[in-house]
$ cat target-v1.cif   # mmCIF, C-alpha atoms
data_target
#
loop_
_atom_site.group_PDB
_atom_site.id
_atom_site.type_symbol
_atom_site.label_atom_id
_atom_site.label_comp_id
_atom_site.auth_asym_id
_atom_site.auth_seq_id
_atom_site.Cartn_x
_atom_site.Cartn_y
_atom_site.Cartn_z
ATOM 1 C CA MET G 608 -4.670 -11.752 22.085
ATOM 2 C CA ILE G 609 -5.587 -11.235 18.422
ATOM 3 C CA ALA G 610 -7.540 -8.016 18.043
ATOM 4 C CA HIS G 611 -10.394 -9.408 15.929
ATOM 5 C CA PRO G 612 -11.654 -12.686 17.456
ATOM 6 C CA GLU G 613 -14.722 -12.702 15.224
ATOM 7 C CA LYS G 614 -12.384 -12.820 12.238
ATOM 8 C CA ASN G 615 -10.504 -15.810 13.685
ATOM 9 C CA LYS G 616 -13.573 -18.011 13.161
ATOM 10 C CA GLN G 617 -13.522 -17.234 9.463
ATOM 11 C CA GLU G 618 -9.806 -17.223 8.634
ATOM 12 C CA PRO G 619 -6.844 -19.401 9.653
ATOM 13 C CA GLN G 620 -4.810 -17.977 12.520
ATOM 14 C CA SER G 621 -1.781 -17.716 10.245
ATOM 15 C CA VAL G 622 -3.713 -15.342 7.952
ATOM 16 C CA VAL G 623 -4.888 -13.208 10.862
ATOM 17 C CA CYS G 624 -1.322 -13.167 12.188
ATOM 18 C CA TYR G 625 0.038 -12.139 8.782
ATOM 19 C CA GLU G 626 -2.479 -9.312 8.462
ATOM 20 C CA HIS G 627 -1.680 -8.194 12.004
ATOM 21 C CA LEU G 628 2.001 -7.826 11.092
ATOM 22 C CA ILE G 629 1.198 -5.985 7.859
ATOM 23 C CA ALA G 630 -1.025 -3.566 9.791
ATOM 24 C CA GLN G 631 1.773 -2.959 12.308
ATOM 25 C CA MET G 632 4.136 -2.095 9.450
ATOM 26 C CA GLN G 633 1.601 0.237 7.885
ATOM 27 C CA ARG G 634 1.130 2.063 11.193
ATOM 28 C CA GLY G 635 4.864 2.365 11.736
ATOM 29 C CA GLU G 636 4.817 0.138 14.826
ATOM 30 C CA LEU G 637 6.993 -2.512 13.166
ATOM 31 C CA VAL G 638 9.726 -0.768 11.215
ATOM 32 C CA SER G 639 12.786 -1.660 9.180
ATOM 33 C CA GLY G 640 15.463 -3.399 11.212
ATOM 34 C CA MET G 641 13.159 -4.578 14.022
ATOM 35 C CA SER G 642 13.270 -8.262 14.940
ATOM 36 C CA VAL G 643 10.235 -10.544 15.156
ATOM 37 C CA THR G 644 10.333 -14.005 16.707
ATOM 38 C CA GLU G 645 7.850 -16.839 16.438
ATOM 39 C CA GLN G 646 7.556 -17.103 20.211
ATOM 40 C CA GLY G 647 7.182 -13.370 20.757
ATOM 41 C CA LEU G 648 4.488 -13.173 18.089
ATOM 42 C CA ALA G 649 2.703 -16.228 19.458
ATOM 43 C CA ASP G 650 2.725 -14.769 22.971
ATOM 44 C CA GLU G 651 1.495 -11.381 21.732
ATOM 45 C CA LEU G 652 -1.466 -12.843 19.879
ATOM 46 C CA GLY G 653 -2.236 -15.757 22.182
ATOM 47 C CA ILE G 654 -1.684 -18.410 19.518
ATOM 48 C CA SER G 655 0.668 -21.347 19.008
ATOM 49 C CA ARG G 656 4.028 -20.977 17.274
ATOM 50 C CA THR G 657 2.856 -22.851 14.156
ATOM 51 C CA PRO G 658 0.590 -20.110 12.699
ATOM 52 C CA ALA G 659 3.146 -17.494 13.777
ATOM 53 C CA ARG G 660 5.831 -19.406 11.853
ATOM 54 C CA GLU G 661 3.578 -19.682 8.791
ATOM 55 C CA ALA G 662 2.870 -15.933 8.858
ATOM 56 C CA LEU G 663 6.567 -15.081 9.102
ATOM 57 C CA ARG G 664 7.407 -17.441 6.253
ATOM 58 C CA ARG G 665 4.771 -15.751 4.125
ATOM 59 C CA LEU G 666 6.263 -12.335 4.943
ATOM 60 C CA GLU G 667 9.692 -13.706 4.029
ATOM 61 C CA SER G 668 8.310 -14.953 0.710
ATOM 62 C CA ASP G 669 6.904 -11.450 0.121
ATOM 63 C CA GLY G 670 10.363 -10.003 0.730
ATOM 64 C CA LEU G 671 9.209 -8.051 3.789
ATOM 65 C CA VAL G 672 11.319 -9.838 6.389
ATOM 66 C CA VAL G 673 14.680 -11.602 6.249
ATOM 67 C CA SER G 674 15.921 -14.508 8.333
ATOM 68 C CA GLU G 675 18.309 -13.811 11.201
ATOM 69 C CA PRO G 676 20.100 -16.998 12.315
ATOM 70 C CA ARG G 677 19.326 -17.723 16.001
ATOM 71 C CA PHE G 678 17.262 -14.528 16.290
ATOM 72 C CA GLY G 679 14.169 -15.160 14.140
ATOM 73 C CA MET G 680 13.206 -12.629 11.495
ATOM 74 C CA LYS G 681 14.074 -8.989 10.912
ATOM 75 C CA VAL G 682 11.987 -6.474 8.976
ATOM 76 C CA ARG G 683 13.788 -5.744 5.745
ATOM 77 C CA GLU G 684 15.381 -2.337 5.415
ATOM 78 C CA LEU G 685 14.867 -0.174 2.331
ATOM 79 C CA GLY G 686 17.515 2.449 1.712
ATOM 80 C CA TYR G 687 17.059 5.787 -0.013
ATOM 81 C CA THR G 688 18.110 4.392 -3.412
ATOM 82 C CA GLU G 689 15.812 1.366 -3.141
ATOM 83 C CA THR G 690 12.942 3.644 -2.205
ATOM 84 C CA LEU G 691 13.550 5.730 -5.315
ATOM 85 C CA GLU G 692 13.672 2.585 -7.432
ATOM 86 C CA LEU G 693 10.435 1.337 -5.909
ATOM 87 C CA TYR G 694 8.637 4.571 -6.749
ATOM 88 C CA GLU G 695 10.110 4.590 -10.254
ATOM 89 C CA ALA G 696 8.726 1.093 -10.800
ATOM 90 C CA ARG G 697 5.362 2.139 -9.385
ATOM 91 C CA GLU G 698 5.181 5.186 -11.646
ATOM 92 C CA ALA G 699 6.076 3.174 -14.761
ATOM 93 C CA LEU G 700 3.498 0.486 -13.935
ATOM 94 C CA GLU G 701 0.555 2.639 -12.910
ATOM 95 C CA MET G 702 1.028 5.233 -15.645
ATOM 96 C CA ALA G 703 0.922 2.456 -18.231
ATOM 97 C CA ALA G 704 -1.978 0.760 -16.456
ATOM 98 C CA VAL G 705 -4.179 3.872 -16.302
ATOM 99 C CA GLN G 706 -3.517 4.559 -19.980
ATOM 100 C CA ILE G 707 -4.829 1.082 -20.781
ATOM 101 C CA CYS G 708 -7.658 1.544 -18.301
ATOM 102 C CA ALA G 709 -8.885 4.701 -20.059
ATOM 103 C CA ASN G 710 -9.573 2.653 -23.177
ATOM 104 C CA LYS G 711 -11.302 -0.224 -21.398
ATOM 105 C CA ILE G 712 -13.125 1.196 -18.382
ATOM 106 C CA ASN G 713 -16.928 1.223 -18.404
ATOM 107 C CA ASP G 714 -19.403 3.577 -16.737
ATOM 108 C CA ILE G 715 -20.108 1.202 -13.845
ATOM 109 C CA GLU G 716 -16.406 1.010 -13.021
ATOM 110 C CA ILE G 717 -16.144 4.798 -13.133
ATOM 111 C CA SER G 718 -19.072 5.015 -10.712
ATOM 112 C CA GLU G 719 -17.239 2.678 -8.343
ATOM 113 C CA LEU G 720 -14.189 4.947 -8.458
ATOM 114 C CA GLU G 721 -16.418 7.911 -7.604
ATOM 115 C CA ILE G 722 -17.852 6.053 -4.616
ATOM 116 C CA LEU G 723 -14.360 5.290 -3.331
ATOM 117 C CA GLN G 724 -13.389 8.899 -3.922
ATOM 118 C CA ASP G 725 -16.350 10.130 -1.853
ATOM 119 C CA LYS G 726 -15.420 7.762 0.983
ATOM 120 C CA MET G 727 -11.847 9.042 0.882
ATOM 121 C CA SER G 728 -13.091 12.617 1.098
ATOM 122 C CA ASP G 729 -14.958 11.690 4.277
ATOM 123 C CA SER G 730 -11.851 10.050 5.764
ATOM 124 C CA VAL G 731 -9.234 12.800 5.588
ATOM 125 C CA ASP G 732 -8.973 12.808 9.392
ATOM 126 C CA ASP G 733 -8.385 9.041 9.509
ATOM 127 C CA SER G 734 -5.181 8.355 7.593
ATOM 128 C CA ASN G 735 -5.346 4.563 8.035
ATOM 129 C CA ARG G 736 -8.861 4.354 6.590
ATOM 130 C CA MET G 737 -7.941 6.788 3.835
ATOM 131 C CA ALA G 738 -4.877 4.699 2.950
ATOM 132 C CA SER G 739 -7.047 1.570 2.753
ATOM 133 C CA LEU G 740 -9.528 3.341 0.472
ATOM 134 C CA ASN G 741 -6.680 4.748 -1.600
ATOM 135 C CA TYR G 742 -5.353 1.234 -2.144
ATOM 136 C CA ALA G 743 -8.861 0.124 -3.182
ATOM 137 C CA PHE G 744 -9.059 3.071 -5.615
ATOM 138 C CA HIS G 745 -5.771 2.190 -7.293
ATOM 139 C CA ARG G 746 -6.663 -1.505 -7.310
ATOM 140 C CA ALA G 747 -9.983 -0.695 -8.978
ATOM 141 C CA LEU G 748 -8.095 1.190 -11.691
ATOM 142 C CA LEU G 749 -5.928 -1.865 -12.309
ATOM 143 C CA ASN G 750 -8.980 -4.120 -12.418
ATOM 144 C CA ALA G 751 -10.632 -1.820 -14.962
ATOM 145 C CA GLY G 752 -7.551 -2.178 -17.148
ATOM 146 C CA LYS G 753 -8.330 -5.914 -17.333
ATOM 147 C CA ASN G 754 -4.698 -7.034 -17.535
ATOM 148 C CA ARG G 755 -3.791 -9.765 -15.047
ATOM 149 C CA TYR G 756 -0.032 -9.277 -15.455
ATOM 150 C CA LEU G 757 -0.221 -5.611 -14.538
ATOM 151 C CA ALA G 758 -2.433 -6.497 -11.575
ATOM 152 C CA THR G 759 0.091 -9.056 -10.298
ATOM 153 C CA SER G 760 2.945 -6.553 -10.599
ATOM 154 C CA PHE G 761 0.840 -3.946 -8.788
ATOM 155 C CA GLU G 762 0.370 -6.273 -5.823
ATOM 156 C CA ALA G 763 4.097 -6.974 -5.584
ATOM 157 C CA ILE G 764 4.967 -3.267 -5.577
ATOM 158 C CA HIS G 765 2.329 -2.365 -3.008
ATOM 159 C CA LYS G 766 3.538 -5.108 -0.682
ATOM 160 C CA ALA G 767 7.022 -3.597 -0.819
ATOM 161 C CA LEU G 768 5.604 -0.144 -0.049
ATOM 162 C CA VAL G 769 4.546 -1.488 3.364
ATOM 163 C CA LEU G 770 8.226 -1.379 4.361
ATOM 164 C CA LEU G 771 8.162 2.406 4.139
ATOM 165 C CA GLY G 772 5.863 2.708 7.137
ATOM 166 C CA PRO G 773 2.926 5.088 7.676
ATOM 167 C CA THR G 774 1.079 6.355 4.628
ATOM 168 C CA THR G 775 1.988 9.674 3.037
ATOM 169 C CA LEU G 776 -1.713 10.490 3.434
ATOM 170 C CA ALA G 777 -1.041 11.126 7.122
ATOM 171 C CA ASN G 778 0.185 14.476 5.792
ATOM 172 C CA VAL G 779 -3.099 16.430 5.590
ATOM 173 C CA GLU G 780 -1.805 18.661 2.795
ATOM 174 C CA ARG G 781 -0.914 15.575 0.785
ATOM 175 C CA ALA G 782 -4.285 13.972 1.532
ATOM 176 C CA GLU G 783 -6.160 16.997 0.170
ATOM 177 C CA GLU G 784 -3.861 17.208 -2.838
ATOM 178 C CA SER G 785 -4.390 13.502 -3.543
ATOM 179 C CA LEU G 786 -8.172 13.947 -3.613
ATOM 180 C CA ILE G 787 -7.844 16.676 -6.246
ATOM 181 C CA GLU G 788 -5.597 14.444 -8.346
ATOM 182 C CA HIS G 789 -8.075 11.578 -8.089
ATOM 183 C CA ARG G 790 -10.895 13.849 -9.254
ATOM 184 C CA ASP G 791 -8.811 14.988 -12.230
ATOM 185 C CA LEU G 792 -8.048 11.367 -13.047
ATOM 186 C CA ILE G 793 -11.716 10.383 -12.963
ATOM 187 C CA GLU G 794 -12.563 13.246 -15.328
ATOM 188 C CA CYS G 795 -9.919 12.003 -17.779
ATOM 189 C CA LEU G 796 -11.368 8.507 -17.596
ATOM 190 C CA LYS G 797 -14.882 9.824 -18.270
ATOM 191 C CA ARG G 798 -13.552 11.438 -21.449
ATOM 192 C CA ARG G 799 -11.571 8.281 -22.257
ATOM 193 C CA ASP G 800 -8.534 10.568 -22.399
ATOM 194 C CA SER G 801 -5.702 8.047 -22.079
ATOM 195 C CA GLU G 802 -2.857 10.568 -22.410
ATOM 196 C CA GLY G 803 -4.459 12.892 -19.895
ATOM 197 C CA ALA G 804 -4.970 10.010 -17.461
ATOM 198 C CA ARG G 805 -1.332 8.997 -17.836
ATOM 199 C CA ARG G 806 -0.160 12.554 -17.169
ATOM 200 C CA VAL G 807 -2.338 12.978 -14.069
ATOM 201 C CA MET G 808 -1.227 9.617 -12.677
ATOM 202 C CA GLY G 809 2.395 10.608 -13.212
ATOM 203 C CA GLU G 810 1.874 13.833 -11.272
ATOM 204 C CA HIS G 811 -0.073 11.989 -8.577
ATOM 205 C CA LEU G 812 2.687 9.460 -7.918
ATOM 206 C CA SER G 813 5.454 12.035 -8.246
ATOM 207 C CA ASN G 814 3.814 14.090 -5.506
ATOM 208 C CA ALA G 815 3.478 11.005 -3.284
ATOM 209 C CA LYS G 816 7.167 10.265 -3.829
ATOM 210 C CA ARG G 817 8.071 13.839 -2.862
ATOM 211 C CA ILE G 818 6.340 13.470 0.514
ATOM 212 C CA ARG G 819 7.836 10.018 1.086
ATOM 213 C CA LEU G 820 11.386 11.239 0.464
ATOM 214 C CA ARG G 821 10.739 14.177 2.767
ATOM 215 C CA GLN G 822 9.709 11.694 5.484
ATOM 216 C CA ILE G 823 12.887 9.672 4.974
ATOM 217 C CA ASN G 824 15.089 12.759 5.103
ATOM 218 C CA GLN G 825 13.358 13.899 8.303
ATOM 219 C CA ARG G 826 13.984 10.512 9.918
ATOM 220 C CA LEU G 827 17.668 10.821 9.009
ATOM 221 C CA VAL G 828 17.788 14.275 10.598
ATOM 222 C CA ASP G 829 15.999 13.065 13.727
ATOM 223 C CA GLY G 830 18.362 10.094 13.909
ATOM 224 C CA ASN G 831 21.330 12.410 13.979
#
$ encode --input "target-v1.cif" --output "structure tokens"
Amino acid sequence: MIAHPEKNKQEPQSVVCYEHLIAQMQRGELVSGMSVTEQGLADELGISRTPAREALRRLESDGLVVSEPRFGMKVRELGYTETLELYEAREALEMAAVQICANKINDIEISELEILQDKMSDSVDDSNRMASLNYAFHRALLNAGKNRYLATSFEAIHKALVLLGPTTLANVERAEESLIEHRDLIECLKRRDSEGARRVMGEHLSNAKRIRLRQINQRLVDGN
């Protein structure tokens, strides 16, 4: 059955089903190359095939699954090169976005970033919660930049990142390092230092990429 019945009363089953699949990808339970069928999903969640089909179509539209004739859907696979390209796109987008943000952000928005930062600090031992708060932190930065086109691009990139599996923040060293980088970024924003904010964001995402590529290389070693 669906894990959050109280949520079912508020949202369509297809939405709950979609979020269930996204969460499985984020936890590394549903990984690249794995197949998902309407019937299997419906049976797992105790729903009809219609909302399961709608959820899978939405994932296909997002580019997260691809159709397999006669077999349903398969989670899309991202190779090493595509992963590099994804992080390059993320770096280009968020470095530009934070530079714009530094010139537009107000004190209330900075306070909100500090609140999210404090919550992240309290969640180092819970990588899933920390990843959710980290997403909220980066989304808040985009919102403070007040540019809808950058925000739309951000969403597309972060959906694709789901294909890479568990968060890099599951690495405790990376989680602690990320908190320091966030603090440095907030200080730049307080000073309205756009170049400093851009530099810190570049380092922040470069370090995340380093851990991600290490994870991929380790999987290749383990696979051999």
$ residues_around --input "target-v1.cif" --residues "Gly772 of chain G" --least-positions-apart "3" --cutoff "10 Å" --atoms "only C-alpha atoms" --output "VMD selection string"
chain G and resid 629 to 639 768 to 769 775 819 822
$ atom_distance --input "target-v1.cif" --atom1 "atom CA of Leu663 of chain G" --atom2 "atom CA of Leu648 of chain G"
9.4 Å
$ resolve_selection --input "target-v1.cif" --expression "the PyMOL selection byres ((chain G and resi 804) around 9)" --output "list in words"
Met702, Val705, Gln706, Cys708, Ala709, Asp791, Leu792, Ile793, Glu794, Cys795, Leu796, Arg799, Asp800, Ser801, Glu802, Gly803, Arg805, Arg806, Val807, Met808 and Gly809 of chain G
$ closest_residue --input "target-v1.cif" --among "G:Asn754, G:Ser739, G:Gln825, G:Ser728" --to "Ile707 of chain G" --atoms "all atoms listed in the file"
G:Asn754
$ resolve_selection --input "target-v1.cif" --expression "the PyMOL selection byres ((chain G and resi 689-696) around 9)" --output "list in words"
Leu685, Gly686, Tyr687, Thr688, Arg697, Glu698, Ala699, Leu700, Glu701, Ile764, Ala767, Leu768, Leu771, Leu812, Ser813, Ala815, Lys816, Arg819 and Leu820 of chain G
$ closest_residue --input "target-v1.cif" --among "G:Ala751, G:Leu671, G:Leu723, G:Ala738" --to "Arg790 of chain G" --atoms "all atoms listed in the file"
G:Leu723
$ atom_distance --input "target-v1.cif" --atom1 "atom CA of Met680 of chain G" --atom2 "atom CA of Ser760 of chain G"
25.1 Å
$ atom_distance --input "target-v1.cif" --atom1 "atom CA of Asp714 of chain G" --atom2 "atom CA of Arg755 of chain G"
20.6 Å
$ resolve_selection --input "target-v1.cif" --expression "the PyMOL selection byres ((chain G and resi 720) around 9)" --output "list in words"
Ile715, Glu716, Ile717, Ser718, Glu719, Glu721, Ile722, Leu723, Gln724, Asp725, Ala743, Phe744, His745, Ala747, Leu748 and Ile793 of chain G
$ residues_around --input "target-v1.cif" --residues "segment 642-646 of chain G" --least-positions-apart "4" --cutoff "8 Å" --atoms "all atoms listed in the file" --output "list in words"
Asp650, Arg656, Ala659, Arg660, Leu663, Phe678, Gly679, Met680, Lys681 and Val682 of chain G
$ residues_around --input "target-v1.cif" --residues "Arg736 of chain G" --least-positions-apart "4" --cutoff "12 Å" --atoms "all atoms listed in the file" --output "JSON, numbers by chain"
{"G": [630, 633, 634, 723, 726, 727, 728, 729, 730, 731, 732, 740, 741, 742, 743, 773, 774, 776, 777, 782]}
$ closest_residue --input "target-v1.cif" --among "G:His811, G:Phe761, G:Ile818, G:Asn710" --to "Arg798 of chain G" --atoms "all atoms listed in the file"
G:Asn710
$ closest_residue --input "target-v1.cif" --among "G:Met737, G:Ile823, G:Lys766, G:Val779" --to "Glu667 of chain G" --atoms "all atoms listed in the file"
G:Lys766
$ closest_atom_pairs --input "target-v1.cif" --of "segment 633-670 of chain G" --to "segment 620-623 of chain G" --cutoff "7 Å" --atoms "all atoms listed in the file" --output "tab-separated table"
residue	atom	partner	partner_atom	distance
G:Pro658	CA	G:Ser621	CA	4.2
G:Ala659	CA	G:Ser621	CA	6.1
G:Glu661	CA	G:Ser621	CA	5.9
G:Ala662	CA	G:Ser621	CA	5.2
$ build_atoms --input "target-v1.cif" --residues "segment 660-674 of chain G" --atoms "N, CA and C atoms" --output "short mmCIF file (atom, residue, chain, number, x, y, z; two decimals), keeping the file's coordinate frame"
data_model
loop_
_atom_site.label_atom_id
_atom_site.label_comp_id
_atom_site.auth_asym_id
_atom_site.auth_seq_id
_atom_site.Cartn_x
_atom_site.Cartn_y
_atom_site.Cartn_z
N ARG G 660 4.77 -19.02 12.79
CA ARG G 660 5.83 -19.41 11.85
C ARG G 660 5.35 -19.29 10.41
N GLU G 661 4.13 -19.75 10.15
CA GLU G 661 3.58 -19.68 8.79
C GLU G 661 3.45 -18.24 8.32
N ALA G 662 3.02 -17.35 9.22
CA ALA G 662 2.87 -15.93 8.86
C ALA G 662 4.22 -15.31 8.54
N LEU G 663 5.23 -15.64 9.34
CA LEU G 663 6.57 -15.08 9.10
C LEU G 663 7.18 -15.62 7.81
N ARG G 664 6.91 -16.87 7.51
CA ARG G 664 7.41 -17.44 6.25
C ARG G 664 6.75 -16.76 5.06
N ARG G 665 5.46 -16.45 5.21
CA ARG G 665 4.77 -15.75 4.12
C ARG G 665 5.35 -14.35 3.93
N LEU G 666 5.64 -13.66 5.03
CA LEU G 666 6.26 -12.34 4.94
C LEU G 666 7.64 -12.43 4.31
N GLU G 667 8.37 -13.51 4.63
CA GLU G 667 9.69 -13.71 4.03
C GLU G 667 9.57 -13.94 2.52
N SER G 668 8.56 -14.71 2.13
CA SER G 668 8.31 -14.95 0.71
C SER G 668 7.96 -13.65 -0.02
N ASP G 669 7.27 -12.75 0.69
CA ASP G 669 6.90 -11.45 0.12
C ASP G 669 8.10 -10.50 0.04
N GLY G 670 9.20 -10.88 0.71
CA GLY G 670 10.36 -10.00 0.73
C GLY G 670 10.28 -8.92 1.78
N LEU G 671 9.40 -9.09 2.77
CA LEU G 671 9.21 -8.05 3.79
C LEU G 671 10.04 -8.29 5.04
N VAL G 672 10.42 -9.54 5.28
CA VAL G 672 11.32 -9.84 6.39
C VAL G 672 12.44 -10.75 5.87
N VAL G 673 13.55 -10.73 6.60
CA VAL G 673 14.68 -11.60 6.25
C VAL G 673 15.06 -12.42 7.48
N SER G 674 15.57 -13.61 7.25
CA SER G 674 15.92 -14.51 8.33
C SER G 674 17.19 -14.04 9.04
#
